[in-house]
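**Q** This is the content of data_11.txt (compact mmCIF, C-alpha atoms):
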```txt
# COMPACT_ATOMS: atom_id res chain seq x y z
CA MET S 4 1.98 12.69 23.54
CA PHE S 5 -1.17 12.56 21.47
CA ASP S 6 -4.80 13.24 22.15
CA TYR S 7 -6.41 9.82 22.60
CA LYS S 8 -9.85 11.33 21.99
CA VAL S 9 -8.85 12.12 18.40
CA VAL S 10 -7.71 8.52 17.81
CA GLU S 11 -10.84 7.17 19.48
CA SER S 12 -13.01 9.45 17.36
CA LYS S 13 -11.35 8.33 14.11
CA LEU S 14 -11.71 4.65 15.00
CA LYS S 15 -15.35 5.07 15.98
CA GLU S 16 -16.06 6.95 12.75
CA VAL S 17 -14.53 4.24 10.58
CA VAL S 18 -16.51 1.57 12.46
CA ASN S 19 -19.68 3.57 11.80
CA ILE S 20 -18.81 3.82 8.11
CA LEU S 21 -18.24 0.06 7.93
CA LYS S 22 -21.12 -0.97 10.22
CA PRO S 23 -23.33 -2.29 7.39
CA LYS S 24 -20.49 -4.55 6.23
CA LEU S 25 -19.49 -5.95 9.64
CA SER S 26 -21.20 -8.49 11.87
CA GLU S 27 -22.47 -7.53 15.32
CA VAL S 28 -19.77 -9.72 16.90
CA GLN S 29 -17.03 -7.99 14.90
CA ILE S 30 -18.36 -4.56 15.85
CA LYS S 31 -18.57 -5.59 19.50
CA PHE S 32 -14.94 -6.82 19.57
CA ILE S 33 -13.61 -3.68 17.90
CA THR S 34 -15.64 -1.23 19.97
CA SER S 35 -14.74 -3.00 23.22
CA ASP S 36 -11.04 -2.62 22.31
CA ILE S 37 -11.62 1.08 21.56
CA HIS S 38 -13.39 1.65 24.88
CA ALA S 39 -10.63 -0.21 26.74
CA GLY S 40 -7.99 2.08 25.24
CA GLU S 41 -6.57 -0.73 23.10
CA TRP S 42 -6.51 1.44 19.97
CA ASN S 43 -3.66 -0.42 18.26
CA LEU S 44 -5.45 -3.72 18.77
CA ALA S 45 -8.74 -2.26 17.52
CA LEU S 46 -7.09 -0.93 14.38
CA GLU S 47 -5.21 -4.17 13.73
CA THR S 48 -8.34 -6.25 14.28
CA LEU S 49 -10.39 -4.08 11.96
CA CYS S 50 -7.75 -4.19 9.23
CA ASP S 51 -7.40 -7.96 9.61
CA ILE S 52 -11.16 -8.45 9.26
CA LEU S 53 -11.33 -6.22 6.19
CA ILE S 54 -8.39 -8.00 4.54
CA GLU S 55 -9.47 -11.56 5.40
CA GLU S 56 -13.06 -11.04 4.31
CA GLU S 57 -12.11 -8.80 1.37
CA ILE S 58 -14.53 -6.11 2.53
CA PRO S 59 -14.33 -2.95 0.41
CA ILE S 60 -13.63 0.31 2.22
CA ASP S 61 -14.26 3.82 0.94
CA SER S 62 -11.49 6.39 0.71
CA ARG S 63 -12.69 8.25 3.82
CA GLY S 64 -12.60 5.07 5.91
CA TYR S 65 -9.12 4.24 4.64
CA GLU S 66 -7.96 7.78 5.39
CA LEU S 67 -9.26 7.48 8.97
CA LEU S 68 -7.42 4.19 9.49
CA GLN S 69 -4.26 5.72 8.08
CA GLU S 70 -4.52 8.81 10.30
CA ALA S 71 -5.20 6.78 13.43
CA GLY S 72 -2.36 4.38 12.62
CA ASN S 73 0.09 7.21 11.99
CA THR S 74 -0.92 8.92 15.23
CA LEU S 75 -0.30 5.64 17.08
CA SER S 76 3.08 5.22 15.30
CA MET S 77 2.01 1.86 13.93
CA GLU S 78 3.62 0.02 11.03
CA LYS S 79 2.14 1.25 7.74
CA GLU S 80 1.79 -2.36 6.57
CA THR S 81 -1.11 -2.67 9.02
CA TRP S 82 -3.41 -0.69 6.73
CA GLU S 83 -1.52 -0.40 3.44
CA MET S 84 -2.63 -3.88 2.38
CA LEU S 85 -6.15 -2.43 2.20
CA LYS S 86 -5.28 -0.06 -0.66
CA VAL S 87 -6.51 -2.57 -3.24
CA GLN S 88 -9.91 -2.66 -1.49
CA VAL S 89 -10.48 1.11 -1.45
CA THR S 90 -13.48 2.19 -3.50
CA PRO S 91 -13.93 5.71 -4.88
```
Here is the file; what I need is its structure written in the form of structure tokens.
**A**
Amino acid sequence: MFDYKVVESKLKEVVNILKPKLSEVQIKFITSDIHAGEWNLALETLCDILIEEEIPIDSRGYELLQEAGNTLSMEKETWEMLKVQVTP
């Protein structure tokens, strides 16, 4: 069993980091999934948006996605495709 508050905190932090690069609608979808306890869906949605729109992500944001995904025992492919978009 894991502490959902830690996962929630990591997802919220990465959304805050990416806020300037996301639309209000995208933020609303992701945060509503987080609040509903749909952490896997929130992480998948966020990764999909970043990949599809080729939005750069800093190393801290990527690290948070990776940590949350690992905690949720998700497939690494969910976030690993973002490696090419990580900025220093």
**Q** Counting only C-alpha atoms, what is within 7 Å of segment 70-77 of chain S, bar same-chain residues fewer than 4 positions away, as a PyMOL selection string?
**A** chain S and resi 10+13+66
**Q** For a quick check of understanding, using all atoms listed in the file, which of S:Ser26, S:Thr81, S:Asn43, S:Ser35 has the smallest distance to Ile58 of chain S?
**A**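 Once distances to Ile58 of chain S are computed over all atoms listed in the file, the minimum belongs to S:Ser26.
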**Q** Expressed in Å to a single decimal, how great is the separation between atom CA of Leu85 of chain S and atom CA of Ser62 of chain S?
**A** 10.4 Å
**Q** Please indicate the distance in Å from atom CA of Ile33 of chain S to atom CA of Gln69 of chain S, rounded to one decimal place.
**A** 16.5 Å
**Q** Point out the residue among S:Val87, S:Leu25, S:Ile20, S:Leu14 with the least atom-to-atom distance to Glu41 of chain S, counting all atoms listed in the file.
**A**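 Smallest distance to Glu41 of chain S is found for S:Leu14.
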**Q** Nearest to Val9 of chain S among S:Trp42, S:Glu80, S:Leu49, S:Gln88, with distances taken over only C-alpha atoms: which residue is it?
**A**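 The closest residue to Val9 of chain S is S:Trp42.
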**Q** At a cut-off of 6 Å, using all atoms listed in the file, what residues contact Val89 of chain S? Leave out same-chain residues fewer than 3 positions from it and give the result as a list in words.
**A**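 Final neighbour list, sorted by chain and number: Pro59, Ile60, Asp61, Ser62 and Lys86 of chain S.
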**Q** Edge lengths and centre in Å to one decimal, as lines of an AutoDock Vina configuration file, of the axis-aligned box that encloses all listed atoms of segment 59-73 of chain S with 8 Å added on every side?
**A**
```
center_x = -7.1
center_y = 2.9
center_z = 6.9
size_x = 30.4
size_y = 27.8
size_z = 29.0
```
**Q** Between atom CA of Lys8 of chain S and atom CA of Lys79 of chain S, what is the distance, to one decimal in Å?
**A** 21.2 Å
**Q** Considering only C-alpha atoms, state which residue in the set S:Leu68, S:Thr34, S:Ala39, S:Lys24 is at the smallest distance from Glu56 of chain S.
**A**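 Looking at the shortest contact to Glu56 of chain S, the residue is S:Lys24.
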**Q** From the set S:Gly64, S:Phe32, S:Asp51, S:Glu78, which residue has the shortest atom-to-atom contact distance to Thr90 of chain S, counting all atoms listed in the file?
**A**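 Of S:Gly64, S:Phe32, S:Asp51, S:Glu78, the one nearest Thr90 of chain S, counting all atoms listed in the file, is S:Gly64.
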**Q** Of the residues S:Leu21, S:Asp6, S:Leu53, S:Glu11, which is the one nearest to His38 of chain S, using only C-alpha atoms?
**A**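 Smallest separation from His38 of chain S among the options: S:Glu11.
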**Q** Please produce segment 20-47 of chain S, completed to N, CA and C atoms, as an mmCIF file, in the coordinates of the input.
**A**
```
data_model
loop_
_atom_site.group_PDB
_atom_site.id
_atom_site.type_symbol
_atom_site.label_atom_id
_atom_site.label_comp_id
_atom_site.auth_asym_id
_atom_site.auth_seq_id
_atom_site.Cartn_x
_atom_site.Cartn_y
_atom_site.Cartn_z
ATOM 1 N N ILE S 20 -18.783 3.889 9.567
ATOM 2 C CA ILE S 20 -18.810 3.820 8.110
ATOM 3 C C ILE S 20 -18.971 2.365 7.650
ATOM 4 N N LEU S 21 -18.271 1.470 8.341
ATOM 5 C CA LEU S 21 -18.240 0.060 7.930
ATOM 6 C C LEU S 21 -19.337 -0.798 8.574
ATOM 7 N N LYS S 22 -20.108 -0.219 9.466
ATOM 8 C CA LYS S 22 -21.120 -0.970 10.220
ATOM 9 C C LYS S 22 -21.989 -1.886 9.350
ATOM 10 N N PRO S 23 -22.478 -1.413 8.214
ATOM 11 C CA PRO S 23 -23.330 -2.290 7.390
ATOM 12 C C PRO S 23 -22.596 -3.519 6.843
ATOM 13 N N LYS S 24 -21.270 -3.464 6.811
ATOM 14 C CA LYS S 24 -20.490 -4.550 6.230
ATOM 15 C C LYS S 24 -19.901 -5.496 7.275
ATOM 16 N N LEU S 25 -20.053 -5.146 8.554
ATOM 17 C CA LEU S 25 -19.490 -5.950 9.640
ATOM 18 C C LEU S 25 -20.586 -6.655 10.424
ATOM 19 N N SER S 26 -20.233 -7.786 11.024
ATOM 20 C CA SER S 26 -21.200 -8.490 11.870
ATOM 21 C C SER S 26 -21.267 -7.807 13.236
ATOM 22 N N GLU S 27 -22.323 -8.096 13.969
ATOM 23 C CA GLU S 27 -22.470 -7.530 15.320
ATOM 24 C C GLU S 27 -21.317 -7.956 16.218
ATOM 25 N N VAL S 28 -20.876 -9.202 16.086
ATOM 26 C CA VAL S 28 -19.770 -9.720 16.900
ATOM 27 C C VAL S 28 -18.483 -8.954 16.581
ATOM 28 N N GLN S 29 -18.219 -8.738 15.298
ATOM 29 C CA GLN S 29 -17.030 -7.990 14.900
ATOM 30 C C GLN S 29 -17.064 -6.572 15.460
ATOM 31 N N ILE S 30 -18.202 -5.925 15.330
ATOM 32 C CA ILE S 30 -18.360 -4.560 15.850
ATOM 33 C C ILE S 30 -18.141 -4.540 17.353
ATOM 34 N N LYS S 31 -18.699 -5.526 18.046
ATOM 35 C CA LYS S 31 -18.570 -5.590 19.500
ATOM 36 C C LYS S 31 -17.101 -5.741 19.924
ATOM 37 N N PHE S 32 -16.356 -6.629 19.257
ATOM 38 C CA PHE S 32 -14.940 -6.820 19.570
ATOM 39 C C PHE S 32 -14.153 -5.524 19.370
ATOM 40 N N ILE S 33 -14.363 -4.887 18.232
ATOM 41 C CA ILE S 33 -13.610 -3.680 17.900
ATOM 42 C C ILE S 33 -13.956 -2.536 18.848
ATOM 43 N N THR S 34 -15.245 -2.335 19.089
ATOM 44 C CA THR S 34 -15.640 -1.230 19.970
ATOM 45 C C THR S 34 -15.210 -1.482 21.418
ATOM 46 N N SER S 35 -15.190 -2.730 21.843
ATOM 47 C CA SER S 35 -14.740 -3.000 23.220
ATOM 48 C C SER S 35 -13.248 -2.696 23.349
ATOM 49 N N ASP S 36 -12.465 -2.978 22.298
ATOM 50 C CA ASP S 36 -11.040 -2.620 22.310
ATOM 51 C C ASP S 36 -10.878 -1.094 22.354
ATOM 52 N N ILE S 37 -11.684 -0.385 21.577
ATOM 53 C CA ILE S 37 -11.620 1.080 21.560
ATOM 54 C C ILE S 37 -11.924 1.633 22.949
ATOM 55 N N HIS S 38 -12.997 1.155 23.555
ATOM 56 C CA HIS S 38 -13.390 1.650 24.880
ATOM 57 C C HIS S 38 -12.379 1.307 25.964
ATOM 58 N N ALA S 39 -11.641 0.209 25.758
ATOM 59 C CA ALA S 39 -10.630 -0.210 26.740
ATOM 60 C C ALA S 39 -9.299 0.514 26.530
ATOM 61 N N GLY S 40 -9.232 1.365 25.509
ATOM 62 C CA GLY S 40 -7.990 2.080 25.240
ATOM 63 C C GLY S 40 -6.981 1.249 24.466
ATOM 64 N N GLU S 41 -7.434 0.148 23.905
ATOM 65 C CA GLU S 41 -6.570 -0.730 23.100
ATOM 66 C C GLU S 41 -6.716 -0.340 21.632
ATOM 67 N N TRP S 42 -6.292 0.904 21.312
ATOM 68 C CA TRP S 42 -6.510 1.440 19.970
ATOM 69 C C TRP S 42 -5.710 0.695 18.916
ATOM 70 N N ASN S 43 -4.466 0.337 19.231
ATOM 71 C CA ASN S 43 -3.660 -0.420 18.260
ATOM 72 C C ASN S 43 -4.326 -1.747 17.930
ATOM 73 N N LEU S 44 -4.790 -2.435 18.969
ATOM 74 C CA LEU S 44 -5.450 -3.720 18.770
ATOM 75 C C LEU S 44 -6.734 -3.552 17.965
ATOM 76 N N ALA S 45 -7.500 -2.512 18.258
ATOM 77 C CA ALA S 45 -8.740 -2.260 17.520
ATOM 78 C C ALA S 45 -8.458 -2.027 16.042
ATOM 79 N N LEU S 46 -7.436 -1.218 15.757
ATOM 80 C CA LEU S 46 -7.090 -0.930 14.380
ATOM 81 C C LEU S 46 -6.582 -2.175 13.664
ATOM 82 N N GLU S 47 -5.721 -2.927 14.319
ATOM 83 C CA GLU S 47 -5.210 -4.170 13.730
ATOM 84 C C GLU S 47 -6.328 -5.165 13.463
#
```
